[in-house]
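Chemist: Can you keep this structure in mind? I'll have questions shortly.
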Amino acid sequence: MTQKEYTHIRVYQADTEGGTFAEITTTATRIPLKIGDTMYQFVVDKEEDAKWYKYSFGNDVDESVLSPAFQRQLGDPSKIGYTFKNYTSPLGTFGAVLTPDDMRYTYLWGIDAVSTDSQYSIWLDEQHEAFVRSAAEDFEKFLNIDIYRRKYKTKPVSGVDRRSQSWMAGDDYLYTDEEFPYDYDPDQWQNFGFLQLRHRPVIEVSRFTLVGPTEGSILDLMEWARLEKDLGQLHAFPRNQMIYGPLLGAYGTILLWQMKRYPQGIEVDYETGYESADRVDAGLRDMIGKWAAVKLLNVIGDGLLPGFASQSISLDGLSESFSSTQSATNAYFGARIMQYKKDIEDWLRRNKYKYGGLPLGFVTGG
């Protein structure tokens, strides 16, 4: 999708999220797309504040799929974010976990992010976005989950499949990460074809195949796939009348392979993370915002008062002094940084296993 293909935006409205959406724009009021513009506004009546909306891109011939349903809260259009209940992920993209306005007016409230350098440099939106992404990626490691949507592909086909830094909808040949095949383990296979995927939560599985030791025989397991999305656990079990499961079906090759283990016998293509930034849990989003603020405040504090713990000025009997908490062990904005870190540590202690799963240990008896 490019702005060369589409010329305008259509807006749809319904009374409820699952209701029937009807277009409220007309040929004359459809929002024209402009090269370089990334933000568009459409004014609705105050009485329609509680309605639900969707939008699409179109031209005189074609129209894109509709966006997910969202609500708009009327207010200051100059502030955009989850805080102001007027942000939704752009169609076909993952979107922003937090917007620059979320950071400015919620987590950095009262802080004028202007440097004391000779240019009085202002903290830019791009810097907010970079720190939010860095904080979200840190939480992916803290919780051992994917937050940003990813598409894993096993053995991409050279010249056909294309790797991208970020997930985008509408291109079946686009992937973000390469996944290595899984080893065939007969012990796990007898457990209803169990497979623990390396990444979670899982949105969907698009390919699930069993490959023979010589890679000459392939069994498509997609019709047998049973997925536990949150834990990233995949089972292969028939949905037809074969009562013995994937071990004793009509596929004699499985019987030949079930007694020996061999590498790279199972190939899986799948998507993980949240479907869009709008779907990120509110508690997790809040912690990402606080962690991004900790990173930001360390940099901003140094830019406002680099290296100063105290200073004094005296002129003709008048004096002025200033002392900050900044020192080798106590940064500027230290109180807020410490509070945010305490909030994050407490939240991780109470929620880590909710997102990352429970650690299991196995003991064998004699």
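Numbering starts fresh at 1 for the residues of each chain in the structure tokens, the chains themselves are lettered A, B, ... in the order given, and ligands are numbered from 1 as they appear.
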Contacts of A:Thr214 at 10 Å or less, counting only C-alpha atoms, minus same-chain residues fewer than 4 places along, as a list in words?

Modeler: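 Returned residues: Ile218, Tyr262 and Gly265 of chain A.
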
Chemist: With distances taken over only C-alpha atoms, which of A:Asp185, A:Asp146, A:Asp138, A:Glu129 is nearest to A:Arg198?

Modeler: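 For A:Arg198, the nearest of the candidates is A:Asp146.
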
Chemist: Enumerate, as a VMD selection string, the complete set of residues in stretch 16-221 of chain A that a backbone-based DSSP assignment places in alpha helix (DSSP H).

Modeler: chain A and resid 100 to 102 125 to 143 186 to 190

Chemist: Let me see the file: selected residues, N, CA and C atoms, as a CSV table (one decimal), in the first residue's frame.

Modeler:
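Result went into result.csv, see below:
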chain,number,residue,atom,x,y,z
A,100,PRO,N,4.9,9.9,21.6
A,100,PRO,CA,5.7,10.9,22.3
A,100,PRO,C,4.8,11.7,23.2
A,101,ASP,N,3.5,12.0,22.9
A,101,ASP,CA,2.7,12.7,23.8
A,101,ASP,C,2.4,11.9,25.1
A,102,ASP,N,2.3,10.6,25.0
A,102,ASP,CA,2.1,9.8,26.2
A,102,ASP,C,3.3,10.0,27.1
A,125,ASP,N,10.5,14.1,18.9
A,125,ASP,CA,9.6,12.9,18.9
A,125,ASP,C,10.3,11.6,18.6
A,126,GLU,N,11.3,11.7,17.6
A,126,GLU,CA,12.0,10.6,17.2
A,126,GLU,C,12.8,10.0,18.4
A,127,GLN,N,13.3,10.9,19.3
A,127,GLN,CA,14.0,10.4,20.5
A,127,GLN,C,13.1,9.7,21.4
A,128,HIS,N,11.9,10.2,21.6
A,128,HIS,CA,10.9,9.5,22.5
A,128,HIS,C,10.6,8.1,21.9
A,129,GLU,N,10.4,8.1,20.6
A,129,GLU,CA,10.0,6.8,19.9
A,129,GLU,C,11.2,5.8,20.1
A,130,ALA,N,12.4,6.2,20.0
A,130,ALA,CA,13.6,5.3,20.1
A,130,ALA,C,13.7,4.7,21.5
A,131,PHE,N,13.4,5.6,22.5
A,131,PHE,CA,13.6,5.1,23.9
A,131,PHE,C,12.4,4.2,24.2
A,132,VAL,N,11.2,4.4,23.7
A,132,VAL,CA,10.1,3.5,24.0
A,132,VAL,C,10.3,2.2,23.3
A,133,ARG,N,10.8,2.2,22.1
A,133,ARG,CA,11.1,0.9,21.5
A,133,ARG,C,12.2,0.1,22.2
A,134,SER,N,13.2,0.9,22.7
A,134,SER,CA,14.3,0.2,23.5
A,134,SER,C,13.8,-0.4,24.8
A,135,ALA,N,12.9,0.4,25.4
A,135,ALA,CA,12.3,-0.1,26.7
A,135,ALA,C,11.4,-1.4,26.4
A,136,ALA,N,10.6,-1.3,25.3
A,136,ALA,CA,9.8,-2.5,25.0
A,136,ALA,C,10.6,-3.7,24.7
A,137,GLU,N,11.7,-3.5,24.0
A,137,GLU,CA,12.6,-4.6,23.7
A,137,GLU,C,13.3,-5.2,24.9
A,138,ASP,N,13.6,-4.3,25.9
A,138,ASP,CA,14.1,-4.8,27.2
A,138,ASP,C,13.1,-5.6,27.9
A,139,PHE,N,11.8,-5.2,27.8
A,139,PHE,CA,10.7,-6.0,28.5
A,139,PHE,C,10.5,-7.4,27.8
A,140,GLU,N,10.8,-7.4,26.5
A,140,GLU,CA,10.7,-8.7,25.8
A,140,GLU,C,11.7,-9.7,26.4
A,141,LYS,N,12.9,-9.1,26.8
A,141,LYS,CA,14.0,-10.0,27.4
A,141,LYS,C,13.6,-10.3,28.8
A,142,PHE,N,13.1,-9.3,29.6
A,142,PHE,CA,12.7,-9.5,31.0
A,142,PHE,C,11.7,-10.6,31.1
A,143,LEU,N,10.7,-10.6,30.2
A,143,LEU,CA,9.6,-11.6,30.3
A,143,LEU,C,9.7,-12.8,29.4
A,186,PRO,N,11.2,-38.6,19.2
A,186,PRO,CA,10.1,-39.6,19.3
A,186,PRO,C,9.4,-39.6,20.6
A,187,ASP,N,10.1,-39.2,21.7
A,187,ASP,CA,9.5,-39.1,23.0
A,187,ASP,C,8.5,-38.0,23.1
A,188,GLN,N,8.8,-36.9,22.5
A,188,GLN,CA,7.9,-35.7,22.5
A,188,GLN,C,6.8,-36.0,21.5
A,189,TRP,N,7.1,-36.7,20.4
A,189,TRP,CA,6.1,-37.0,19.4
A,189,TRP,C,5.0,-37.9,19.9
A,190,GLN,N,5.4,-38.8,20.8
A,190,GLN,CA,4.4,-39.7,21.4
A,190,GLN,C,3.5,-39.0,22.3

Chemist: Mind listing the strand (DSSP E) residues of stretch 173-242 of chain A, per DSSP on the backbone, as a ChimeraX atom specification?

Modeler: /A:174-175,177-179,182-184,195-196,202-211,218-220,225-228,233-236

Chemist: Please identify all polymer residues within 7 Å of A:Tyr55, counting only C-alpha atoms, omitting same-chain residues fewer than 6 positions from it, and present them as a PyMOL selection string.

Modeler: chain A and resi 9-12+66-67

Chemist: Include C-alpha atoms and write out the residues we just selected as a tab-separated table (two decimals), in the first residue's frame.

Modeler:
chain	number	residue	atom	x	y	z
A	9	ILE	CA	-9.41	7.91	3.52
A	10	ARG	CA	-12.98	6.76	4.20
A	11	VAL	CA	-14.42	6.82	7.74
A	12	TYR	CA	-17.05	4.37	9.03
A	66	LEU	CA	-11.17	-1.84	7.09
A	67	SER	CA	-9.05	-1.01	10.12

Chemist: Give me, please, the distance in Å between atom CA of A:Phe94 and atom CA of A:Asp278, quoted to one decimal.

Modeler: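 Rounded to one decimal, the two atoms are 8.4 Å apart.
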
Chemist: Can you tell me, as a VMD selection string, what residues are no more than 6 Å from A:Thr154 when counting only C-alpha atoms, ignoring any on the same chain fewer than 5 positions away?

Modeler: chain A and resid 178 to 180 269

Chemist: Check the smallest atom-to-atom distance from each of A:Glu17, A:Asp281, A:Glu23, A:Asp177 to A:Pro68 using only C-alpha atoms, then report the winner.

Modeler: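 Looking at the shortest contact to A:Pro68, the residue is A:Glu17.
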
Chemist: For A:Ala225, find every residue with an atom within 8 Å (counting only C-alpha atoms), except residues of its own chain fewer than 6 positions away, and show them as a list in words.

Modeler: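 With the cut-off at 8 Å, the set is Phe208, Leu234, His235, Ala236 and Phe237 of chain A.
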
Chemist: Would you save the residues of that selection, restricted to C-alpha atoms, as a compact mmCIF listing (two decimals), in the first residue's frame?

Modeler:
# COMPACT_ATOMS: atom_id res chain seq x y z
CA PHE A 208 3.67 -27.02 10.19
CA LEU A 234 1.95 -26.84 19.53
CA HIS A 235 0.49 -30.34 19.26
CA ALA A 236 -0.17 -32.51 16.22
CA PHE A 237 -3.26 -34.65 16.65

Chemist: Using only C-alpha atoms, which protein or nucleic acid residues come within 7 Å of A:Thr7? Drop anything in the same chain fewer than 3 positions from it, and give the result as number ranges by chain.

Modeler: A: 3, 32-33, 58-59

Chemist: For A:Met338, which of A:Phe192, A:Asp45, A:Glu271, A:Trp291 is the closest residue, counting only C-alpha atoms?

Modeler: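 Looking at the shortest contact to A:Met338, the residue is A:Trp291.
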
Chemist: What separation in Å, quoted to one decimal, exists between atom CA of A:Lys260 and atom CA of A:Gly193?

Modeler: 14.6 Å

Chemist: Using only C-alpha atoms, find the one residue out of A:Ala69, A:Gly334, A:Ala277, A:Glu63 that sits nearest to A:Thr20.

Modeler: A:Ala69

Chemist: Rank nothing, just name the residue among A:Asn298, A:Ser164, A:Gln264, A:Thr93 nearest to A:Ala335, using only C-alpha atoms.

Modeler: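 Distance minimum relative to A:Ala335 lands on A:Asn298.
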
Chemist: To one decimal place in Å, what is the distance between atom CA of A:Pro263 and atom CA of A:Pro181?

Modeler: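 Taking atom CA of A:Pro263 and atom CA of A:Pro181, their separation equals 8.1 Å.
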
Chemist: Of the candidates A:Val299, A:Ile266, A:Leu124, A:Ile80, which shows the shortest atom-to-atom distance to A:Thr106, using only C-alpha atoms?

Modeler: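 Of A:Val299, A:Ile266, A:Leu124, A:Ile80, the one nearest A:Thr106 is A:Ile80, counting only C-alpha atoms.
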